[in-house]
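A short worksheet on the structure shown next.
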Amino acid sequence: MRIGFIGLGNMGAPMAYNLAKAGHTVLGFDTQTITVKMVEMAQTPRDCAEKAEVIITMLPNGKILKSVADETIQYMKEGSIFLDCSTVDVASAKSVAEIAKNHTVIPLDAPVSGGIGGAKEGTLTFMVGGPDEGFIKVKELFDIMGQKAVHCGVSGNGQSAKICNNMILGATMIATCEAFALADKLGLDRRAMFDVVSTSSGYSWSMNAYCPAPGIGPLTPSDNNYIPGFSSDLMLKDLTLSQIAAESVDADTPMGYLAMTLYRTFVEQEDGAGKDFSAMLPRFEKKNRS
Ligand code: NAD
């Protein structure tokens with residue numbers, strides 16, 4: 001396929017490279033000067049749009065996505081696909097889908113789970129909203145960039161799945177970290193705590209696969225001085241998006257709200273900015289109840 005890839009940052013660059021390595025022709029565009037092996041760079045987003053069957057975007061937020069959609073979709077061929085893999089608010093995903101449909105372009109919102117490591121290794125999970133026909137057409141691209149793609153229904157549902165997943169993740173990571181800090185104060189050895197919880201009803205991905213305690217469980221960012229991984233800043237972004245969505249449909253999400261508040265304090269007032277989201281553990285270690 002001829003693919004236009006817009007947004008070649010931490011995630012987009014390795015995803016574009018994996019597509020090119022698998023034999024697809026990839027034309028890239030970024031507002032920064034970026035080079036990606038095997039990817040030719042275009043002068044404008046319009047160049048990508050005119051030459052590609054599929055446009056993939058991997059951008060910071062909904063506002064930028066909408067401006068890129070405005071600059072590209074009108075130049076895309078009828079029946080081609082606009083595949084957004086960024087994490088954005090549900091409303092932006094739906095409005096970009098409307099723009100695409102008005103130009104007989106097929107929209108897919110397909111945010112990812114798996115982070116920079118998953119992007120490099122081609123092991124991302126895609127959560128996809130949009131028409132069946134589009135999902136089927138780009139399935140082979142999902143298979144190159146990831147290990148799993150779940151079709152979640154209509155446009156916007158990919159973003160809905162992503163923010164629900166990350167709301168669970170944020171709250172679970174906080175619960176795991178505060179439990180470790182409590183165990184410390186109770187004099188319970190961290191390894192014993194891990195061995196029990198990881199095989200008991202408190203187990204979770206945060207405990208079992210991404211243990212926030214250094215030297216325990218699998219190798220994680222906690223073993224590398226909490227260098228991300230998945231940053232607290234991005235967790236704050238996703239928890240904020242989940243609260244915007246909850247507000248828009250009047251859903252009661254008190255744990256999600258509290259998780260957002262804790263990550264906001266951590267990132268904006270404490271020393272959490274730029275650290276992995278599991279660095280909540282050293283934060284709790286320093287705290288007491290008051
Ligand atoms: P990044 O900031 O590294 O990359 C974004 C890229 O978009 C940059 O290279 C930037 O120059 C480019 N860009 C900005 N405006 C542009 C425009 N108008 N036209 C073209 N390019 C433009 O961010 P990232 O970490 O690669 O994340 C991208 C998306 O993936 C975000 O929505 C993020 O929430 C999501 N995500 C990130 C991770 C992660 O671990 N980094 C994990 C899952 C999802």
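Here, A, B, ... name the chains of the structure tokens in the order displayed, residue numbers run from 1 inside each chain, and ligands are numbered from 1 in the same displayed order.
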Contacts with ligand 1 at most 7 Å, only C-alpha atoms and all ligand atoms counted, listed as a ChimeraX atom specification: /A:6-12,29-32,58-61,64,67-68,85-88,111-116,229-231,234
Selection above as a file: N, CA, C and O atoms, as a short mmCIF file (atom, residue, chain, number, x, y, z; two decimals), in the first residue's frame:
```cif
data_model
loop_
_atom_site.label_atom_id
_atom_site.label_comp_id
_atom_site.auth_asym_id
_atom_site.auth_seq_id
_atom_site.Cartn_x
_atom_site.Cartn_y
_atom_site.Cartn_z
N ILE A 6 1.53 10.91 9.13
CA ILE A 6 1.68 12.29 9.63
C ILE A 6 1.81 12.29 11.15
O ILE A 6 0.92 11.80 11.85
N GLY A 7 2.94 12.81 11.64
CA GLY A 7 3.24 12.81 13.08
C GLY A 7 4.22 11.70 13.39
O GLY A 7 3.83 10.59 13.74
N LEU A 8 5.53 12.03 13.22
CA LEU A 8 6.56 10.99 13.35
C LEU A 8 7.37 11.21 14.63
O LEU A 8 8.59 11.36 14.61
N GLY A 9 6.66 11.26 15.76
CA GLY A 9 7.32 11.44 17.05
C GLY A 9 7.73 10.11 17.66
O GLY A 9 8.03 9.14 16.95
N ASN A 10 7.69 10.05 18.99
CA ASN A 10 8.11 8.84 19.72
C ASN A 10 7.39 7.59 19.26
O ASN A 10 7.98 6.51 19.19
N MET A 11 6.11 7.73 18.98
CA MET A 11 5.29 6.58 18.56
C MET A 11 5.26 6.44 17.04
O MET A 11 5.42 5.33 16.49
N GLY A 12 4.99 7.56 16.35
CA GLY A 12 4.78 7.51 14.90
C GLY A 12 6.00 7.01 14.14
O GLY A 12 5.87 6.21 13.20
N PHE A 29 5.22 12.93 7.03
CA PHE A 29 5.22 14.38 7.23
C PHE A 29 5.19 14.69 8.71
O PHE A 29 4.45 14.06 9.48
N ASP A 30 6.02 15.67 9.10
CA ASP A 30 6.01 16.16 10.49
C ASP A 30 6.38 17.63 10.44
O ASP A 30 7.10 18.07 9.54
N THR A 31 5.89 18.40 11.39
CA THR A 31 6.25 19.83 11.42
C THR A 31 7.70 20.01 11.90
O THR A 31 8.30 21.05 11.65
N GLN A 32 8.25 19.03 12.58
CA GLN A 32 9.67 19.07 12.97
C GLN A 32 10.50 18.40 11.85
O GLN A 32 9.97 17.60 11.08
N MET A 58 -0.51 10.29 13.91
CA MET A 58 -0.10 9.96 15.29
C MET A 58 0.33 11.27 15.94
O MET A 58 1.51 11.61 15.96
N LEU A 59 -0.67 12.02 16.44
CA LEU A 59 -0.49 13.43 16.81
C LEU A 59 -0.79 13.67 18.29
O LEU A 59 -1.44 12.84 18.94
N PRO A 60 -0.36 14.82 18.82
CA PRO A 60 -0.49 15.05 20.27
C PRO A 60 -1.91 15.19 20.80
O PRO A 60 -2.18 14.74 21.91
N ASN A 61 -2.82 15.83 20.07
CA ASN A 61 -4.16 16.07 20.65
C ASN A 61 -5.22 16.30 19.57
O ASN A 61 -4.91 16.37 18.37
N ILE A 64 -4.92 19.50 17.13
CA ILE A 64 -3.95 19.32 16.04
C ILE A 64 -4.50 18.31 15.03
O ILE A 64 -4.39 18.50 13.82
N SER A 67 -6.88 20.05 12.74
CA SER A 67 -6.24 20.92 11.74
C SER A 67 -5.57 20.08 10.66
O SER A 67 -5.64 20.42 9.47
N VAL A 68 -4.97 18.96 11.03
CA VAL A 68 -4.35 18.08 10.02
C VAL A 68 -5.44 17.45 9.13
O VAL A 68 -5.27 17.36 7.90
N CYS A 85 -4.38 7.21 14.84
CA CYS A 85 -3.94 6.36 15.96
C CYS A 85 -3.61 7.16 17.21
O CYS A 85 -3.20 6.58 18.22
N SER A 86 -3.78 8.49 17.16
CA SER A 86 -3.51 9.32 18.34
C SER A 86 -4.53 9.04 19.43
O SER A 86 -5.59 8.49 19.16
N THR A 87 -4.22 9.49 20.64
CA THR A 87 -5.24 9.50 21.70
C THR A 87 -5.81 10.90 21.74
O THR A 87 -5.09 11.86 22.02
N VAL A 88 -7.10 11.03 21.44
CA VAL A 88 -7.76 12.35 21.45
C VAL A 88 -9.13 12.21 22.11
O VAL A 88 -9.60 11.10 22.37
N PRO A 111 -6.80 4.39 18.51
CA PRO A 111 -5.73 4.63 19.48
C PRO A 111 -5.09 3.32 19.91
O PRO A 111 -5.66 2.25 19.68
N VAL A 112 -3.93 3.45 20.54
CA VAL A 112 -3.15 2.26 20.84
C VAL A 112 -2.83 2.13 22.32
O VAL A 112 -2.81 3.11 23.05
N SER A 113 -2.56 0.91 22.71
CA SER A 113 -2.00 0.62 24.02
C SER A 113 -0.69 -0.11 23.76
O SER A 113 -0.57 -0.85 22.79
N GLY A 114 0.31 0.13 24.61
CA GLY A 114 1.58 -0.60 24.42
C GLY A 114 2.79 0.32 24.45
O GLY A 114 3.91 -0.15 24.61
N GLY A 115 2.58 1.62 24.30
CA GLY A 115 3.66 2.59 24.49
C GLY A 115 4.77 2.50 23.44
O GLY A 115 4.62 1.84 22.41
N ILE A 116 5.86 3.19 23.76
CA ILE A 116 6.96 3.33 22.79
C ILE A 116 7.59 1.96 22.50
O ILE A 116 7.93 1.65 21.36
N GLY A 229 9.03 4.26 29.39
CA GLY A 229 7.72 3.77 29.74
C GLY A 229 6.56 4.67 29.28
O GLY A 229 6.53 5.21 28.19
N PHE A 230 5.63 4.75 30.12
CA PHE A 230 4.43 5.56 29.89
C PHE A 230 4.47 6.65 30.96
O PHE A 230 4.45 6.36 32.17
N SER A 231 4.54 7.90 30.50
CA SER A 231 4.80 8.98 31.45
C SER A 231 3.55 9.36 32.26
O SER A 231 2.42 9.18 31.81
N LEU A 234 1.36 11.69 30.27
CA LEU A 234 0.40 11.07 29.34
C LEU A 234 -0.76 10.42 30.11
O LEU A 234 -1.90 10.44 29.65
#
```
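Residues lying within 12 Å of Arg289 in chain A, counting only C-alpha atoms and ignoring same-chain neighbours fewer than 5 positions away, are Glu178, Ala181, Leu182, Lys185 and Phe284 of chain A.
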Those of range 171-251 of chain A in DSSP alpha helix (DSSP H), formatted as JSON, numbers by chain: {"A": [171, 172, 173, 174, 175, 176, 177, 178, 179, 180, 181, 182, 183, 184, 185, 186, 190, 191, 192, 193, 194, 195, 196, 197, 205, 206, 207, 208, 232, 233, 234, 235, 236, 237, 238, 239, 240, 241, 242, 243, 244, 245, 246, 247, 248]}
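Using only C-alpha atoms, the nearest neighbour of Lys139 in chain A within the list A:Ile81, A:Thr176, A:Ala13, A:His103 is A:Ile81.
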Shell around range 255-258 of chain A at 10 Å using only C-alpha atoms, local window under 2 positions removed, as a list in words: Cys164, Asn166, Met167, Ile168, Leu169, Gly170, Ala171, Thr172, Ile174, Leu239, Thr240, Ser242, Gln243, Ala246, Asp252, Thr253, Met260, Thr261, Leu262, Tyr263 and Arg264 of chain A
Go through range 164-214 of chain A and flag each residue having an atom no more than 8 Å from range 274-280 of chain A; for those, report the closest pair of atoms plus their distance in Å to one decimal, using only C-alpha atoms, ordered by chain and rising number, as CSV.
```
residue,atom,partner,partner_atom,distance
A:Met173,CA,A:Ser278,CA,6.6
A:Ile174,CA,A:Met280,CA,6.6
A:Cys177,CA,A:Met280,CA,6.1
A:Tyr210,CA,A:Ser278,CA,8.0
A:Cys211,CA,A:Ser278,CA,7.9
A:Pro212,CA,A:Ser278,CA,5.1
```
Could you write those residues out with C-alpha atoms, as a PDB file, in the first residue's frame?
```
ATOM      1  CA  MET A 173      -1.674   1.836  39.465  1.00  0.00           C
ATOM      2  CA  ILE A 174      -2.508   4.264  42.279  1.00  0.00           C
ATOM      3  CA  CYS A 177       1.340   1.976  44.794  1.00  0.00           C
ATOM      4  CA  TYR A 210       4.419  -3.419  35.445  1.00  0.00           C
ATOM      5  CA  CYS A 211       5.289  -3.731  39.121  1.00  0.00           C
ATOM      6  CA  PRO A 212       6.041  -0.220  40.492  1.00  0.00           C
TER       7      PRO A 212
END
```
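Of the listed residues (A:Gly129, A:Pro14, A:Gly217, A:Gly23), A:Gly129 comes nearest to Asp109 in chain A; the distances count only C-alpha atoms.
If you look at CA of Gly146 in chain A and CA of Thr220 in chain A, they are 20.3 Å away from each other.
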